[in-house]
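Engineer: Take a look at this one; I'll ask things after.
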Amino acid sequence: MALGCPYEQARALAEGDTEAQLEALNLFDDLGARPAADAVRRQLRAAGRRGLPRGLRASTQSNPHQLTAREVEVLALLCEGLKNSEIAERLCRSVRTVDHHLAAVFAKLGVASRTEAVAAALRDGLVAAQYGRGGPAI
């Protein structure tokens with residue numbers, strides 16, 4: 001990537017050993033080069049490699065912060081003012097799972113608190129603006 005040609009770098013890495021191919025896969029995924037990434041996945045699977053990352057879903061790729069559909073759902077419930085235990089109950093998930101989702105949301109949004117997450121969600125249009133009216137009970 002020293003020359004600013006990550007796609008070409010990934011193509012070259014895809015011809016290397018397993019570690020190079022894994023690096024190529026990550027680059028292709030980061031670039032959104034799905035056909036190339038899928039080709040490298042097939043190559044790695046044919047060589048017996050298991051547990052490969054699937055890459056981002058189209059819905060995740062289209063999100064400006066690359067939030068998954070579940071993370072957006074958790075963020076919307078957070079914007080309603082629900083506690084983690086209430087979010088978990090609403091989604092039929094464990095509180096620990098909700099904690100993990102919120103940690104991922106905070107990291108992807110670059111925020112450190114629930115209040116900052118709500119503000120970022122409303123600012124960036126990640127959730128319906130209805131949660132901003134009257135303010136959620138955070």
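By convention here, the chains of the structure tokens are called A, B, ... in the order presented, each chain's residues are numbered starting at 1, and ligands are numbered starting at 1 in the order presented.
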Fewer than 6 positions away in the same chain doesn't count, so skip those; otherwise give me all residues within 10 Å of segment 5-21 of chain A, counting only C-alpha atoms, as a PyMOL selection string.
Structural biologist: chain A and resi 27-28+30-31+33+36-37+39-41+43-44+47+49
Engineer: Looking at A:Cys92, A:Ala69, A:Gly81, A:Val74, which one is nearest to Phe106 of chain A, with distances taken over only C-alpha atoms?
Structural biologist: A:Val74
Engineer: Could you check the closest approach to Leu122 of chain A for each of A:Ala76, A:Ala107, A:Val98, A:Leu91 and tell me which residue wins, using only C-alpha atoms?
Structural biologist: A:Ala76
Engineer: DSSP says helix (DSSP H, G or I) for which residues of chain A? Put them as a PyMOL selection string?
Structural biologist: chain A and resi 6-13+18-31+34-46+58-62+69-79+84-91+95-109+114-123+129-132
Engineer: Looking at A:Ser94, A:Leu126, A:Leu78, A:Leu52, which one is nearest to Asn26 of chain A, with distances taken over only C-alpha atoms?
Structural biologist: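 Residue with the minimum atom-to-atom distance to Asn26 of chain A: A:Leu52.
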Engineer: How far is it from atom CA of Leu25 of chain A to atom CA of Ala46 of chain A, in Å with one decimal?
Structural biologist: 14.6 Å
Engineer: Work out how far atom CA of Arg45 of chain A is from atom CA of His101 of chain A, in Å to one decimal.
Structural biologist: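 Interatomic distance here is 29.1 Å.
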Engineer: Leaving out Lys108 of chain A and any residue of its chain fewer than 3 positions from it, which residues lie within 12 Å of it when counting only C-alpha atoms, given as a PyMOL selection string?
Structural biologist: chain A and resi 60+63-68+71-72+75+101-105+111-112+117+120-121
Engineer: I need the residues from that last selection saved to file as an mmCIF file, in the first residue's frame (with N, CA and C atoms), if you can.
Structural biologist:
data_model
loop_
_atom_site.group_PDB
_atom_site.id
_atom_site.type_symbol
_atom_site.label_atom_id
_atom_site.label_comp_id
_atom_site.auth_asym_id
_atom_site.auth_seq_id
_atom_site.Cartn_x
_atom_site.Cartn_y
_atom_site.Cartn_z
ATOM 1 N N THR A 60 -24.664 -3.959 5.980
ATOM 2 C CA THR A 60 -23.609 -3.415 6.825
ATOM 3 C C THR A 60 -22.718 -2.485 6.016
ATOM 4 N N ASN A 63 -24.209 0.973 5.540
ATOM 5 C CA ASN A 63 -24.329 1.820 6.723
ATOM 6 C C ASN A 63 -23.090 2.697 6.806
ATOM 7 N N PRO A 64 -23.256 4.013 7.020
ATOM 8 C CA PRO A 64 -22.094 4.903 7.035
ATOM 9 C C PRO A 64 -21.053 4.561 8.107
ATOM 10 N N HIS A 65 -21.457 3.886 9.163
ATOM 11 C CA HIS A 65 -20.520 3.487 10.223
ATOM 12 C C HIS A 65 -20.295 1.977 10.242
ATOM 13 N N GLN A 66 -20.800 1.298 9.230
ATOM 14 C CA GLN A 66 -20.707 -0.157 9.099
ATOM 15 C C GLN A 66 -21.301 -0.880 10.302
ATOM 16 N N LEU A 67 -22.424 -0.357 10.787
ATOM 17 C CA LEU A 67 -23.164 -1.029 11.844
ATOM 18 C C LEU A 67 -23.961 -2.171 11.235
ATOM 19 N N THR A 68 -24.026 -3.285 11.933
ATOM 20 C CA THR A 68 -24.860 -4.394 11.486
ATOM 21 C C THR A 68 -26.323 -4.054 11.755
ATOM 22 N N GLU A 71 -26.948 -4.199 15.405
ATOM 23 C CA GLU A 71 -26.392 -3.052 16.116
ATOM 24 C C GLU A 71 -27.278 -1.817 15.947
ATOM 25 N N VAL A 72 -27.836 -1.624 14.770
ATOM 26 C CA VAL A 72 -28.762 -0.510 14.536
ATOM 27 C C VAL A 72 -30.006 -0.689 15.397
ATOM 28 N N LEU A 75 -29.095 0.127 18.917
ATOM 29 C CA LEU A 75 -28.919 1.574 19.024
ATOM 30 C C LEU A 75 -30.270 2.288 19.057
ATOM 31 N N HIS A 101 -22.911 -5.811 21.805
ATOM 32 C CA HIS A 101 -23.410 -5.004 20.696
ATOM 33 C C HIS A 101 -23.160 -3.520 20.937
ATOM 34 N N LEU A 102 -23.442 -3.061 22.150
ATOM 35 C CA LEU A 102 -23.237 -1.644 22.454
ATOM 36 C C LEU A 102 -21.759 -1.273 22.428
ATOM 37 N N ALA A 103 -20.890 -2.159 22.876
ATOM 38 C CA ALA A 103 -19.456 -1.883 22.807
ATOM 39 C C ALA A 103 -19.025 -1.722 21.346
ATOM 40 N N ALA A 104 -19.558 -2.570 20.472
ATOM 41 C CA ALA A 104 -19.233 -2.467 19.048
ATOM 42 C C ALA A 104 -19.781 -1.172 18.467
ATOM 43 N N VAL A 105 -21.001 -0.807 18.841
ATOM 44 C CA VAL A 105 -21.615 0.438 18.366
ATOM 45 C C VAL A 105 -20.776 1.634 18.815
ATOM 46 N N VAL A 111 -17.593 6.879 20.071
ATOM 47 C CA VAL A 111 -18.155 7.556 21.234
ATOM 48 C C VAL A 111 -17.802 6.774 22.496
ATOM 49 N N ALA A 112 -17.982 7.442 23.640
ATOM 50 C CA ALA A 112 -17.622 6.808 24.904
ATOM 51 C C ALA A 112 -18.796 6.656 25.859
ATOM 52 N N ALA A 117 -23.648 8.316 22.032
ATOM 53 C CA ALA A 117 -24.148 7.385 21.019
ATOM 54 C C ALA A 117 -25.500 7.847 20.485
ATOM 55 N N ALA A 120 -24.945 10.903 18.288
ATOM 56 C CA ALA A 120 -24.374 10.519 16.992
ATOM 57 C C ALA A 120 -25.420 9.839 16.119
ATOM 58 N N ALA A 121 -26.246 9.007 16.718
ATOM 59 C CA ALA A 121 -27.292 8.303 15.960
ATOM 60 C C ALA A 121 -28.276 9.288 15.351
#
